[in-house]
$ cat start-v4.cif   # mmCIF, C-alpha atoms
data_my_file
#
loop_
_atom_site.label_atom_id
_atom_site.label_comp_id
_atom_site.auth_asym_id
_atom_site.auth_seq_id
_atom_site.Cartn_x
_atom_site.Cartn_y
_atom_site.Cartn_z
CA MET A 150 -91.01 70.38 51.50
CA HIS A 151 -88.60 70.39 48.55
CA ILE A 152 -87.27 73.98 48.37
CA ARG A 153 -85.08 75.48 45.69
CA PRO A 154 -82.44 77.46 47.69
CA PRO A 155 -81.04 80.80 46.49
CA ALA A 156 -78.12 80.39 44.12
CA VAL A 157 -77.01 83.99 43.51
CA ALA A 158 -77.69 85.69 46.86
CA GLY A 159 -74.51 87.48 47.85
CA MET A 160 -73.58 87.91 44.18
CA PHE A 161 -76.49 89.43 42.24
CA TYR A 162 -78.16 90.83 45.36
CA PRO A 163 -77.43 90.96 49.12
CA ASP A 164 -77.65 87.72 51.08
CA ASP A 165 -78.53 89.47 54.33
CA GLU A 166 -82.29 89.79 54.85
CA ALA A 167 -82.23 93.28 56.39
CA VAL A 168 -79.77 94.66 53.85
CA LEU A 169 -81.71 93.17 50.94
CA ALA A 170 -85.05 94.51 52.21
CA ARG A 171 -83.58 97.98 52.70
CA GLU A 172 -81.93 98.02 49.27
CA ILE A 173 -85.19 97.12 47.52
CA ARG A 174 -87.10 99.74 49.56
CA ASP A 175 -84.58 102.36 48.47
CA TYR A 176 -84.93 101.43 44.79
CA LEU A 177 -88.72 101.62 45.03
CA ALA A 178 -88.68 104.88 46.98
CA ALA A 179 -86.66 106.53 44.20
CA VAL A 180 -89.40 105.88 41.61
CA PRO A 181 -91.51 109.01 40.99
CA ALA A 182 -95.13 108.54 42.03
CA ARG A 183 -97.71 108.61 39.23
CA GLN A 184 -101.22 107.45 38.43
CA ALA A 185 -101.31 104.60 35.91
CA PRO A 186 -103.39 101.53 35.07
CA ALA A 187 -102.51 98.39 36.98
CA PRO A 188 -100.33 96.25 34.71
CA LYS A 189 -101.20 92.71 33.69
CA VAL A 190 -97.65 92.10 32.44
CA LEU A 191 -94.23 93.46 33.31
CA ILE A 192 -90.95 93.07 31.43
CA VAL A 193 -87.98 93.64 33.75
CA PRO A 194 -84.18 93.17 33.62
CA HIS A 195 -82.32 90.57 35.65
CA ALA A 196 -78.74 91.70 36.20
CA GLY A 197 -77.12 92.31 39.56
CA TYR A 198 -79.13 94.89 41.47
CA ILE A 199 -76.32 97.45 41.35
CA TYR A 200 -76.68 97.41 37.56
CA SER A 201 -80.40 96.91 36.88
CA GLY A 202 -82.20 97.24 40.21
CA ALA A 203 -83.22 100.85 39.64
CA VAL A 204 -84.69 99.98 36.23
CA ALA A 205 -86.53 96.95 37.59
CA ALA A 206 -87.99 99.11 40.37
CA ARG A 207 -89.71 101.30 37.77
CA ALA A 208 -91.81 98.26 36.86
CA TYR A 209 -92.33 96.85 40.32
CA ALA A 210 -93.51 100.19 41.70
CA ARG A 211 -96.54 99.87 39.40
CA LEU A 212 -97.81 96.97 41.52
CA ALA A 213 -98.46 99.03 44.66
CA PRO A 214 -102.22 99.48 43.99
CA VAL A 215 -102.73 95.75 43.38
CA ARG A 216 -100.37 94.21 45.93
CA ALA A 217 -103.27 92.54 47.76
CA THR A 218 -105.03 91.49 44.54
CA ILE A 219 -102.23 89.55 42.86
CA SER A 220 -102.01 86.05 44.29
CA ARG A 221 -100.10 84.28 41.50
CA VAL A 222 -97.08 85.27 39.42
CA VAL A 223 -96.26 83.51 36.15
CA LEU A 224 -92.54 84.22 35.66
CA LEU A 225 -90.61 83.46 32.46
CA GLY A 226 -86.90 84.00 31.96
CA PRO A 227 -84.20 82.67 29.64
CA ALA A 228 -82.15 79.63 30.62
CA HIS A 229 -78.54 80.79 30.84
CA ARG A 230 -76.86 77.78 32.47
CA VAL A 231 -78.46 74.64 31.08
CA PRO A 232 -79.60 74.05 27.49
CA ILE A 233 -83.24 72.98 27.50
CA ARG A 234 -85.90 72.30 24.92
CA GLY A 235 -89.14 74.12 25.54
CA LEU A 236 -89.98 75.50 28.98
CA ALA A 237 -89.02 73.98 32.32
CA LEU A 238 -90.76 74.29 35.67
CA PRO A 239 -88.88 73.27 38.81
CA VAL A 240 -89.60 70.02 40.58
CA ALA A 241 -89.18 72.00 43.82
CA GLU A 242 -92.30 73.00 45.72
CA ALA A 243 -91.00 76.45 46.72
CA TYR A 244 -88.41 79.09 45.82
CA ALA A 245 -86.34 80.51 48.69
CA THR A 246 -84.58 83.87 49.04
CA PRO A 247 -83.18 85.67 52.09
CA LEU A 248 -86.68 87.18 52.46
CA GLY A 249 -88.34 83.77 52.84
CA SER A 250 -89.92 81.10 50.63
CA VAL A 251 -92.60 81.37 47.94
CA ARG A 252 -94.72 78.33 47.18
CA ILE A 253 -94.98 76.99 43.64
CA ASP A 254 -98.56 76.98 42.32
CA ALA A 255 -99.08 73.22 42.19
CA GLU A 256 -102.39 73.40 40.33
CA GLY A 257 -101.02 75.71 37.65
CA ALA A 258 -97.88 73.60 37.31
CA ALA A 259 -99.94 70.45 36.81
CA ALA A 260 -101.95 72.14 34.08
CA ALA A 261 -98.85 73.49 32.30
CA LEU A 262 -97.09 70.12 32.44
CA LYS A 263 -99.83 68.66 30.25
CA LEU A 264 -98.46 70.75 27.37
CA PRO A 265 -95.78 68.93 25.34
CA GLN A 266 -93.35 71.87 25.45
CA VAL A 267 -93.32 72.00 29.28
CA THR A 268 -91.19 69.73 31.48
CA ALA A 269 -90.11 69.69 35.13
CA SER A 270 -86.40 70.00 35.88
CA ASP A 271 -84.60 71.20 38.98
CA VAL A 272 -81.34 71.16 36.98
CA ALA A 273 -82.68 73.92 34.74
CA HIS A 274 -83.40 76.07 37.82
CA ASN A 275 -80.64 75.29 40.31
CA LEU A 276 -78.17 77.94 39.08
CA GLU A 277 -80.49 80.15 37.00
CA HIS A 278 -80.38 83.84 38.00
CA SER A 279 -82.91 85.31 35.54
CA LEU A 280 -85.80 84.00 37.64
CA GLU A 281 -84.28 84.15 41.11
CA VAL A 282 -83.42 87.87 41.09
CA GLN A 283 -87.08 88.75 40.50
CA VAL A 284 -88.35 86.94 43.59
CA PRO A 285 -87.07 89.34 46.31
CA PHE A 286 -88.68 92.26 44.46
CA LEU A 287 -91.95 90.32 44.25
CA GLN A 288 -91.76 89.48 47.95
CA SER A 289 -91.33 93.19 48.67
CA VAL A 290 -94.19 94.55 46.55
CA LEU A 291 -96.85 91.83 46.89
CA ASP A 292 -98.65 90.23 49.79
CA ASP A 293 -99.20 86.45 49.77
CA PHE A 294 -98.66 84.90 46.33
CA THR A 295 -97.64 81.68 44.60
CA LEU A 296 -95.11 81.38 41.80
CA LEU A 297 -94.93 79.59 38.46
CA PRO A 298 -91.30 80.05 37.30
CA PHE A 299 -90.43 78.86 33.80
CA ALA A 300 -86.88 78.61 32.51
CA VAL A 301 -87.28 79.12 28.76
CA GLY A 302 -84.98 77.40 26.28
CA ALA A 303 -85.50 76.46 22.65
CA ALA A 304 -89.15 77.25 21.97
CA THR A 305 -91.24 79.03 19.36
CA PRO A 306 -93.23 82.18 20.13
CA ALA A 307 -96.39 80.12 19.63
CA GLN A 308 -95.27 77.57 22.22
CA VAL A 309 -94.55 80.30 24.76
CA ALA A 310 -97.84 82.05 23.98
CA GLU A 311 -99.72 78.79 24.51
CA VAL A 312 -98.32 78.53 28.04
CA LEU A 313 -99.15 82.15 28.80
CA ASP A 314 -102.69 81.81 27.44
CA LEU A 315 -103.27 78.71 29.56
CA LEU A 316 -102.18 80.51 32.75
CA TRP A 317 -103.35 84.04 31.91
CA GLY A 318 -106.08 84.12 34.55
CA GLY A 319 -107.68 87.33 35.77
CA PRO A 320 -106.60 90.18 38.06
CA GLU A 321 -105.13 87.66 40.49
CA THR A 322 -102.40 86.67 38.00
CA LEU A 323 -99.35 88.76 37.06
CA ILE A 324 -97.29 87.79 34.02
CA LEU A 325 -93.62 88.67 34.47
CA ILE A 326 -90.98 88.39 31.73
CA SER A 327 -87.33 88.62 32.75
CA SER A 328 -84.86 89.90 30.14
CA ASP A 329 -81.89 92.15 29.62
CA LEU A 330 -81.25 93.81 26.26
CA SER A 331 -78.00 93.97 24.24
CA HIS A 332 -74.78 92.65 25.77
CA PHE A 333 -71.21 93.98 25.82
CA HIS A 334 -71.25 96.71 23.19
CA PRO A 335 -69.70 100.18 23.62
CA TYR A 336 -72.10 102.66 25.21
CA ALA A 337 -73.25 104.55 22.10
CA ALA A 338 -73.60 101.41 19.99
CA ALA A 339 -75.65 99.75 22.72
CA GLN A 340 -77.95 102.75 22.91
CA GLY A 341 -78.72 102.46 19.20
CA ILE A 342 -79.33 98.70 19.35
CA ASP A 343 -81.53 99.01 22.42
CA ARG A 344 -83.63 101.82 20.97
CA GLY A 345 -84.37 99.56 18.01
CA THR A 346 -85.30 96.71 20.34
CA VAL A 347 -87.62 98.97 22.31
CA GLY A 348 -89.28 100.06 19.07
CA THR A 349 -89.94 96.45 18.13
CA ILE A 350 -91.46 95.71 21.54
CA LEU A 351 -93.64 98.83 21.51
CA ALA A 352 -94.86 97.83 18.03
CA CYS A 353 -95.79 94.42 19.49
CA GLU A 354 -93.73 92.63 16.84
CA PRO A 355 -92.63 89.14 18.02
CA THR A 356 -89.43 89.18 15.98
CA LEU A 357 -86.64 89.79 18.50
CA ASP A 358 -83.41 87.81 18.34
CA HIS A 359 -81.04 86.96 21.17
CA GLU A 360 -78.55 89.64 20.19
CA GLN A 361 -81.25 92.20 20.99
CA ALA A 362 -82.49 90.58 24.21
CA CYS A 363 -81.36 87.46 26.05
CA GLY A 364 -85.03 86.87 26.85
CA ALA A 365 -86.10 87.22 23.22
CA THR A 366 -87.93 83.89 23.26
CA PRO A 367 -90.25 84.64 26.20
CA ILE A 368 -90.71 88.24 25.02
CA ASN A 369 -91.70 87.10 21.53
CA GLY A 370 -94.23 84.68 22.97
CA LEU A 371 -95.64 87.41 25.16
CA LEU A 372 -95.89 89.85 22.25
CA LEU A 373 -97.73 87.27 20.18
CA SER A 374 -100.31 86.87 22.93
CA ALA A 375 -100.43 90.60 23.71
CA ARG A 376 -101.08 91.49 20.08
CA ARG A 377 -104.06 89.13 19.94
CA ARG A 378 -105.40 90.70 23.13
CA GLY A 379 -104.96 94.31 22.00
CA MET A 380 -102.78 95.19 24.96
CA LYS A 381 -101.19 98.59 25.54
CA ILE A 382 -97.40 98.56 26.01
CA GLU A 383 -95.61 101.35 27.87
CA LEU A 384 -91.86 101.88 28.18
CA LEU A 385 -91.06 102.73 31.80
CA ASP A 386 -87.29 103.02 31.67
CA LEU A 387 -84.37 102.44 29.30
CA ARG A 388 -80.78 102.54 30.47
CA ASN A 389 -77.65 100.44 30.41
CA SER A 390 -74.90 99.52 32.83
CA GLY A 391 -72.92 102.54 31.66
CA ASP A 392 -75.65 104.72 33.17
CA THR A 393 -75.98 102.78 36.41
CA ALA A 394 -72.51 101.43 37.18
CA GLY A 395 -70.11 103.72 35.33
CA ASP A 396 -68.07 101.67 32.84
CA ARG A 397 -69.14 102.60 29.31
CA SER A 398 -66.68 100.53 27.30
CA ARG A 399 -68.72 97.31 27.42
CA VAL A 400 -72.29 97.66 28.61
CA VAL A 401 -75.49 95.65 29.02
CA GLY A 402 -78.87 97.19 28.20
CA TYR A 403 -81.87 97.25 30.53
CA ALA A 404 -85.49 98.25 29.95
CA ALA A 405 -88.71 98.01 31.91
CA PHE A 406 -92.16 97.81 30.32
CA ALA A 407 -95.73 97.58 31.60
CA LEU A 408 -98.55 96.03 29.57
CA SER A 409 -102.21 96.59 30.39
CA GLU A 410 -105.34 95.02 29.02
CA PRO A 411 -108.08 97.00 27.28
CA ALA A 412 -110.65 98.36 29.71
CA ARG A 413 -113.33 96.03 28.38
CA GLU A 414 -111.21 93.05 29.48
CA GLN A 415 -110.69 94.42 32.96
CA ASN A 416 -114.43 94.56 33.74
#
$ encode --input "start-v4.cif" --output "structure tokens"
Amino acid sequence: MHIRPPAVAGMFYPDDEAVLAREIRDYLAAVPARQAPAPKVLIVPHAGYIYSGAVAARAYARLAPVRATISRVVLLGPAHRVPIRGLALPVAEAYATPLGSVRIDAEGAAAALKLPQVTASDVAHNLEHSLEVQVPFLQSVLDDFTLLPFAVGAATPAQVAEVLDLLWGGPETLILISSDLSHFHPYAAAQGIDRGTVGTILACEPTLDHEQACGATPINGLLLSARRRGMKIELLDLRNSGDTAGDRSRVVGYAAFALSEPAREQN
């Protein structure tokens, strides 16, 4: 089997299985328990766990009631390392982390590759962290599942939405968007920028730019689809690296959101 090995284990998150599992358990255990609808979509940050792990855990904790229901995750994150046009799936048949391997959904990949904006490229995935850092969390909060990881490059919101609509599925499918917010502003300035970005997302306006969120392209595509579907968007957490790791002179913003479908669509 052709497996995509971890590229940022030991840098963005621990490369030791036991240490990694314990760290994720600790992040999840720190999330206050609450009753809430099971999300169809999550938006989560993708920095090193010391910076954004606690914020990401606020989203992943919402999956506890449906851990046995979700059997496929459609994951979209921005391409940081390789310029690509459209969206790229890996050629690899599985994604590996220190917690094990997750199979790529071959049937879903074949369907997506029929769209002109979707290609297959291991090069786009080999060093990409925005997708990889989500996988250990998913392995910790879900039972058996397959993965459809898309590195997103130059694409329109409509092109992204078309991919999401194709793969939307039912309760068995989780849509996961990986994105940080503003980058490298002083603490107070970043807070102002990120509050504006959060307002745009909560208003379901697909107009973000990459100064507001590195994952603006996949978020905009999601918001376009979510608006058509009448989805409810909830902010779960908003912080930056000045809150989580101390240095406030040059921070990166992080937010977690959960999106749920109207009750009539969940029946």
$ closest_residue --input "start-v4.cif" --among "A:Ala310, A:Ala213, A:Ala196, A:Ala304" --to "A:Arg234" --atoms "only C-alpha atoms"
A:Ala304
$ closest_residue --input "start-v4.cif" --among "A:Thr349, A:Gln340, A:Ser220, A:Ser289" --to "A:Ile173" --atoms "all atoms listed in the file"
A:Ser289
$ closest_residue --input "start-v4.cif" --among "A:Val290, A:Ile152, A:Leu357, A:Ile342" --to "A:Gly370" --atoms "all atoms listed in the file"
A:Leu357
$ resolve_selection --input "start-v4.cif" --expression "the PyMOL selection byres ((chain A and resi 316) around 12)" --output "PyMOL selection string"
chain A and resi 221-225+254+256-262+264+296-299+309-315+317-325+374
$ atom_distance --input "start-v4.cif" --atom1 "atom CA of A:Ala303" --atom2 "atom CA of A:Ala362"
14.5 Å
